[in-house]
Every structure is written in C-alpha cells, then in structure tokens.
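Before any comments, here is the structure.
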Amino acid sequence: MIEKIKVSEDIRRPLVFAHRGLSGIFPENTMIAFKKAISAKADLIELDVTLSKDREVIVIHDDDLDRTTKLVGSVRFFESEILKDLDAGSWFSKKFKKEKIPLLTDVLGLIQKSKTDLNIEIKSTSLDDSLQVDSIENLVLDLIHQRKLKDRILISSFSWECLERIRNLDSKIKLGVLVGEESGNVQDAIAFGETVNAWSIHPSREDASEENLKLIEEKNFISVVYTVNEIDDMKKFLGRGAKGLFTNFPKEMRKLVKR
Ligand code: G3P
Ligand code: CA
C-alpha cells in the first residue's frame, strides 16, 4: 500500500540527485548522462570515481570494465590513455557508442558551467592502506580546489575511513556518509557523521524507515535515500521525510518536487 504523502513545505525542498547522471535513459556515468541530468534540473549529479593505473581519477562504477565497456579486467590495471577512449555507451544502446569513460576533471569542467552541483562517491576499492600524496582522497581534493568548486561538491563513500581522511585534509568540504553492509547501520552512521561533521547521511531504501529518517533529521543531517526509481516509491520516501533521493529518473522526481 502506498503511504500518504505529507503535504507540507518539506516536500518542495527535497534534493534531486541524478544517480550516475540521467542513467535511466542514457548510459550511466557518461557525459551525455550528466548533460541530460543538468537539463532535467537535477540539484546534484551523483557519480562514482576510482583510479587508473597511472592514478588519474576516472568516472566509473564497477571495479571491472566488463559490464560497461568492450574490454575485460580491472580498471586499475589500465592506463587512463586507454580507458578514456573506450566505448562506454554501446552496452546500453548502440546509439551511444561514442560515449567514453570520463575523467573527473572533465565532469568538473561541466559542473563549473552549470547550476547543478556534484556528489562524488569515492569507491572503497580505490583506497590505499594509508594516505599517500597520490591517494585518491588527495587527488580528488586537488581537482576540486583547482576548479574552485569546493562549495558545490559533496563527497561520499561507503568507506568511513576515507571520509575521515578527507575531513583531516579539508575541514570544510561537505561529506555524505553512505550506509551499507560494509560500514554500519544508520545509528552508527549518525554517530560517525557527528565525529567528522558530515552534511548528509545516505541510507539504502531498506534502511530508510520513517524512524531512521527522523533520527537523521533530529541530528541536523540531510537524509538522502538510494536508489529510488519508481514514482510511487519516490512519493513513499518523500512522505516518510527523506530530504533527498538518488534516482536514475531525475526528470520524474523534479515533477514531484519544486526546485
Ligand atoms: O551514492 C548512492 C549510491 O550510488 C550507492 O550505491 O552502488 O549505486 O554506487 P551504488
Ligand atoms: Ca554511486
């Protein structure tokens, strides 16, 4: 049964996070998916980053290339020169065969020219055992600082250690705590969020009970639920009080919530 939506000012404010860009209709984590998310008036684009062999920050979700390109193997074994020319669109539809794996710096250039902000999710598998000069945390922050985009970026990760390292490097940048099996539950995330002065807590749909969303709000964090694609589900989680949703269909969510 669909839960009743609370008709209040709150429903107008939740943030539309375009999950991997407008990935319901375009190949995920590609420039076309990001440009279309901007056209759909998403508040933020969400994307995933990892490192290539030569330690460029690459935009791709999986650790392996197999699902979204025509190469097989781990991303981290390939140089960025090879990765950036791979066809990252054909797997979705032949008409997107010209789409490539973006470098984070290219997406930041796009964000600079738009009104849509960016949520960079750092994949846990891209982390070094300790923080090196060329660790992904330092590389991502350097790129953000070079583009002077600090105020428009939210960094998230399932690795809370990564978030802690980021906070030690930058006392101001917005942090989002992802809640997943590998980390801890919502209450743990709230406690951790307080130690790093996080901006948001990101529970999965399963963890996004009304009670948990309320706990997050009571501690003054923004709750952002992943990943919500059906309109009835969008209404359900917004009705429970979510302050943002990750969705592959930002245009549909934008029809529900005013900017
Ligand atoms: O950041 C929210 C969501 O993207 C986390 O899951 O697997 O889609 O990266 P995943
Ligand atoms: Ca993600």
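All residue names refer to the structure tokens as shown: chains lettered A, B, ... in order, residues numbered from 1 in each chain, ligands numbered from 1 in order.
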
With only C-alpha atoms and all ligand atoms counted and 12 Å as the cut-off, give the residues of chain A in contact with ligand 2, each with its shortest interatomic distance in Å and the pair that gives it, as JSON lines.
```
{"residue": "A:Phe17", "atom": "CA", "partner": "ligand 2", "partner_atom_place_in_ligand_line": "1 (Ca)", "distance": 10.6}
{"residue": "A:Ala18", "atom": "CA", "partner": "ligand 2", "partner_atom_place_in_ligand_line": "1 (Ca)", "distance": 10.2}
{"residue": "A:His19", "atom": "CA", "partner": "ligand 2", "partner_atom_place_in_ligand_line": "1 (Ca)", "distance": 6.9}
{"residue": "A:Arg20", "atom": "CA", "partner": "ligand 2", "partner_atom_place_in_ligand_line": "1 (Ca)", "distance": 6.7}
{"residue": "A:Gly21", "atom": "CA", "partner": "ligand 2", "partner_atom_place_in_ligand_line": "1 (Ca)", "distance": 10.2}
{"residue": "A:Ser23", "atom": "CA", "partner": "ligand 2", "partner_atom_place_in_ligand_line": "1 (Ca)", "distance": 11.5}
{"residue": "A:Glu28", "atom": "CA", "partner": "ligand 2", "partner_atom_place_in_ligand_line": "1 (Ca)", "distance": 10.3}
{"residue": "A:Asn29", "atom": "CA", "partner": "ligand 2", "partner_atom_place_in_ligand_line": "1 (Ca)", "distance": 9.5}
{"residue": "A:Ile45", "atom": "CA", "partner": "ligand 2", "partner_atom_place_in_ligand_line": "1 (Ca)", "distance": 10.2}
{"residue": "A:Glu46", "atom": "CA", "partner": "ligand 2", "partner_atom_place_in_ligand_line": "1 (Ca)", "distance": 6.5}
{"residue": "A:Leu47", "atom": "CA", "partner": "ligand 2", "partner_atom_place_in_ligand_line": "1 (Ca)", "distance": 5.6}
{"residue": "A:Asp48", "atom": "CA", "partner": "ligand 2", "partner_atom_place_in_ligand_line": "1 (Ca)", "distance": 5.0}
{"residue": "A:Val49", "atom": "CA", "partner": "ligand 2", "partner_atom_place_in_ligand_line": "1 (Ca)", "distance": 8.5}
{"residue": "A:Thr50", "atom": "CA", "partner": "ligand 2", "partner_atom_place_in_ligand_line": "1 (Ca)", "distance": 11.1}
{"residue": "A:Val59", "atom": "CA", "partner": "ligand 2", "partner_atom_place_in_ligand_line": "1 (Ca)", "distance": 10.3}
{"residue": "A:Ile60", "atom": "CA", "partner": "ligand 2", "partner_atom_place_in_ligand_line": "1 (Ca)", "distance": 9.1}
{"residue": "A:His61", "atom": "CA", "partner": "ligand 2", "partner_atom_place_in_ligand_line": "1 (Ca)", "distance": 6.6}
{"residue": "A:Asp62", "atom": "CA", "partner": "ligand 2", "partner_atom_place_in_ligand_line": "1 (Ca)", "distance": 9.6}
{"residue": "A:Leu118", "atom": "CA", "partner": "ligand 2", "partner_atom_place_in_ligand_line": "1 (Ca)", "distance": 11.9}
{"residue": "A:Asn119", "atom": "CA", "partner": "ligand 2", "partner_atom_place_in_ligand_line": "1 (Ca)", "distance": 8.9}
{"residue": "A:Ile120", "atom": "CA", "partner": "ligand 2", "partner_atom_place_in_ligand_line": "1 (Ca)", "distance": 8.0}
{"residue": "A:Glu121", "atom": "CA", "partner": "ligand 2", "partner_atom_place_in_ligand_line": "1 (Ca)", "distance": 5.6}
{"residue": "A:Ile122", "atom": "CA", "partner": "ligand 2", "partner_atom_place_in_ligand_line": "1 (Ca)", "distance": 8.2}
{"residue": "A:Lys123", "atom": "CA", "partner": "ligand 2", "partner_atom_place_in_ligand_line": "1 (Ca)", "distance": 8.0}
{"residue": "A:Ser124", "atom": "CA", "partner": "ligand 2", "partner_atom_place_in_ligand_line": "1 (Ca)", "distance": 10.9}
{"residue": "A:Ile155", "atom": "CA", "partner": "ligand 2", "partner_atom_place_in_ligand_line": "1 (Ca)", "distance": 10.9}
{"residue": "A:Ser156", "atom": "CA", "partner": "ligand 2", "partner_atom_place_in_ligand_line": "1 (Ca)", "distance": 8.7}
{"residue": "A:Ser157", "atom": "CA", "partner": "ligand 2", "partner_atom_place_in_ligand_line": "1 (Ca)", "distance": 8.4}
{"residue": "A:Phe158", "atom": "CA", "partner": "ligand 2", "partner_atom_place_in_ligand_line": "1 (Ca)", "distance": 9.4}
{"residue": "A:Gly176", "atom": "CA", "partner": "ligand 2", "partner_atom_place_in_ligand_line": "1 (Ca)", "distance": 11.7}
{"residue": "A:Leu178", "atom": "CA", "partner": "ligand 2", "partner_atom_place_in_ligand_line": "1 (Ca)", "distance": 9.5}
{"residue": "A:Val179", "atom": "CA", "partner": "ligand 2", "partner_atom_place_in_ligand_line": "1 (Ca)", "distance": 11.9}
{"residue": "A:Gly180", "atom": "CA", "partner": "ligand 2", "partner_atom_place_in_ligand_line": "1 (Ca)", "distance": 11.7}
{"residue": "A:His202", "atom": "CA", "partner": "ligand 2", "partner_atom_place_in_ligand_line": "1 (Ca)", "distance": 10.7}
{"residue": "A:Ser204", "atom": "CA", "partner": "ligand 2", "partner_atom_place_in_ligand_line": "1 (Ca)", "distance": 11.5}
{"residue": "A:Val225", "atom": "CA", "partner": "ligand 2", "partner_atom_place_in_ligand_line": "1 (Ca)", "distance": 11.7}
{"residue": "A:Tyr226", "atom": "CA", "partner": "ligand 2", "partner_atom_place_in_ligand_line": "1 (Ca)", "distance": 8.8}
{"residue": "A:Thr227", "atom": "CA", "partner": "ligand 2", "partner_atom_place_in_ligand_line": "1 (Ca)", "distance": 9.3}
{"residue": "A:Phe246", "atom": "CA", "partner": "ligand 2", "partner_atom_place_in_ligand_line": "1 (Ca)", "distance": 9.0}
{"residue": "A:Thr247", "atom": "CA", "partner": "ligand 2", "partner_atom_place_in_ligand_line": "1 (Ca)", "distance": 10.7}
{"residue": "A:Asn248", "atom": "CA", "partner": "ligand 2", "partner_atom_place_in_ligand_line": "1 (Ca)", "distance": 11.1}
```

**OP:** Apply DSSP to the structure's backbone, then extract all residues of stretch 27-241 of chain A labelled helix (DSSP H, G or I) and return them as JSON, numbers by chain.
**Re:** {"A": [31, 32, 33, 34, 35, 36, 37, 38, 39, 75, 76, 77, 80, 81, 82, 83, 94, 95, 96, 104, 105, 106, 107, 108, 109, 110, 111, 112, 124, 125, 126, 136, 137, 138, 139, 140, 141, 142, 143, 144, 145, 146, 150, 151, 152, 160, 161, 162, 163, 164, 165, 166, 167, 168, 169, 186, 187, 188, 189, 190, 191, 192, 193, 194, 195, 196, 210, 211, 212, 213, 214, 215, 216, 217, 218, 231, 232, 233, 234, 235, 236, 237, 238, 239]}

Original post:
How far is it from atom CA of A:Lys236 to atom CA of A:Lys214, in Å with one decimal?
Top reply: 14.5 Å

Subject >> Shell around A:Ser114 at 10 Å using only C-alpha atoms, local window under 6 positions removed, as an MDAnalysis selection string >> reply: chainID A and resid 35 38:39 41 108

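The residue that comes closest to A:Ala42, out of A:Gln187, A:Lys251, A:Trp160, A:Lys258 and on the basis of only C-alpha atoms, is A:Lys251.
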
Find the residues around stretch 127-143 of chain A up to 7 Å (only C-alpha atoms counted), leave out those fewer than 5 positions away in its own chain, and share them as a PDB file with C-alpha atoms, in the first residue's frame.
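What follows is the written file part_37.pdb:
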```pdb
ATOM      1  CA  LEU A  51      41.842   5.297 -10.010  1.00  0.00           C
ATOM      2  CA  THR A 105      38.381  16.762 -14.301  1.00  0.00           C
ATOM      3  CA  ILE A 166      39.069  13.743   3.667  1.00  0.00           C
TER       4      ILE A 166
END
```

Subject >> Residues within 12 Å of A:Arg76, only C-alpha atoms, excluding chain neighbours under 4 positions, as number ranges by chain >> reply: A: 49-58, 60, 62-65, 72, 80, 82-83, 125-127

Original post:
With distances taken over only C-alpha atoms and all ligand atoms, which of A:Ile173, A:Met253, A:Leu149, A:Leu44 is nearest to ligand 1?
Top reply: A:Leu44

Original post:
When you draw a straight line from atom CA of A:Ile153 to atom CA of A:Val177, how long is it in Å?
Top reply: 14.0 Å
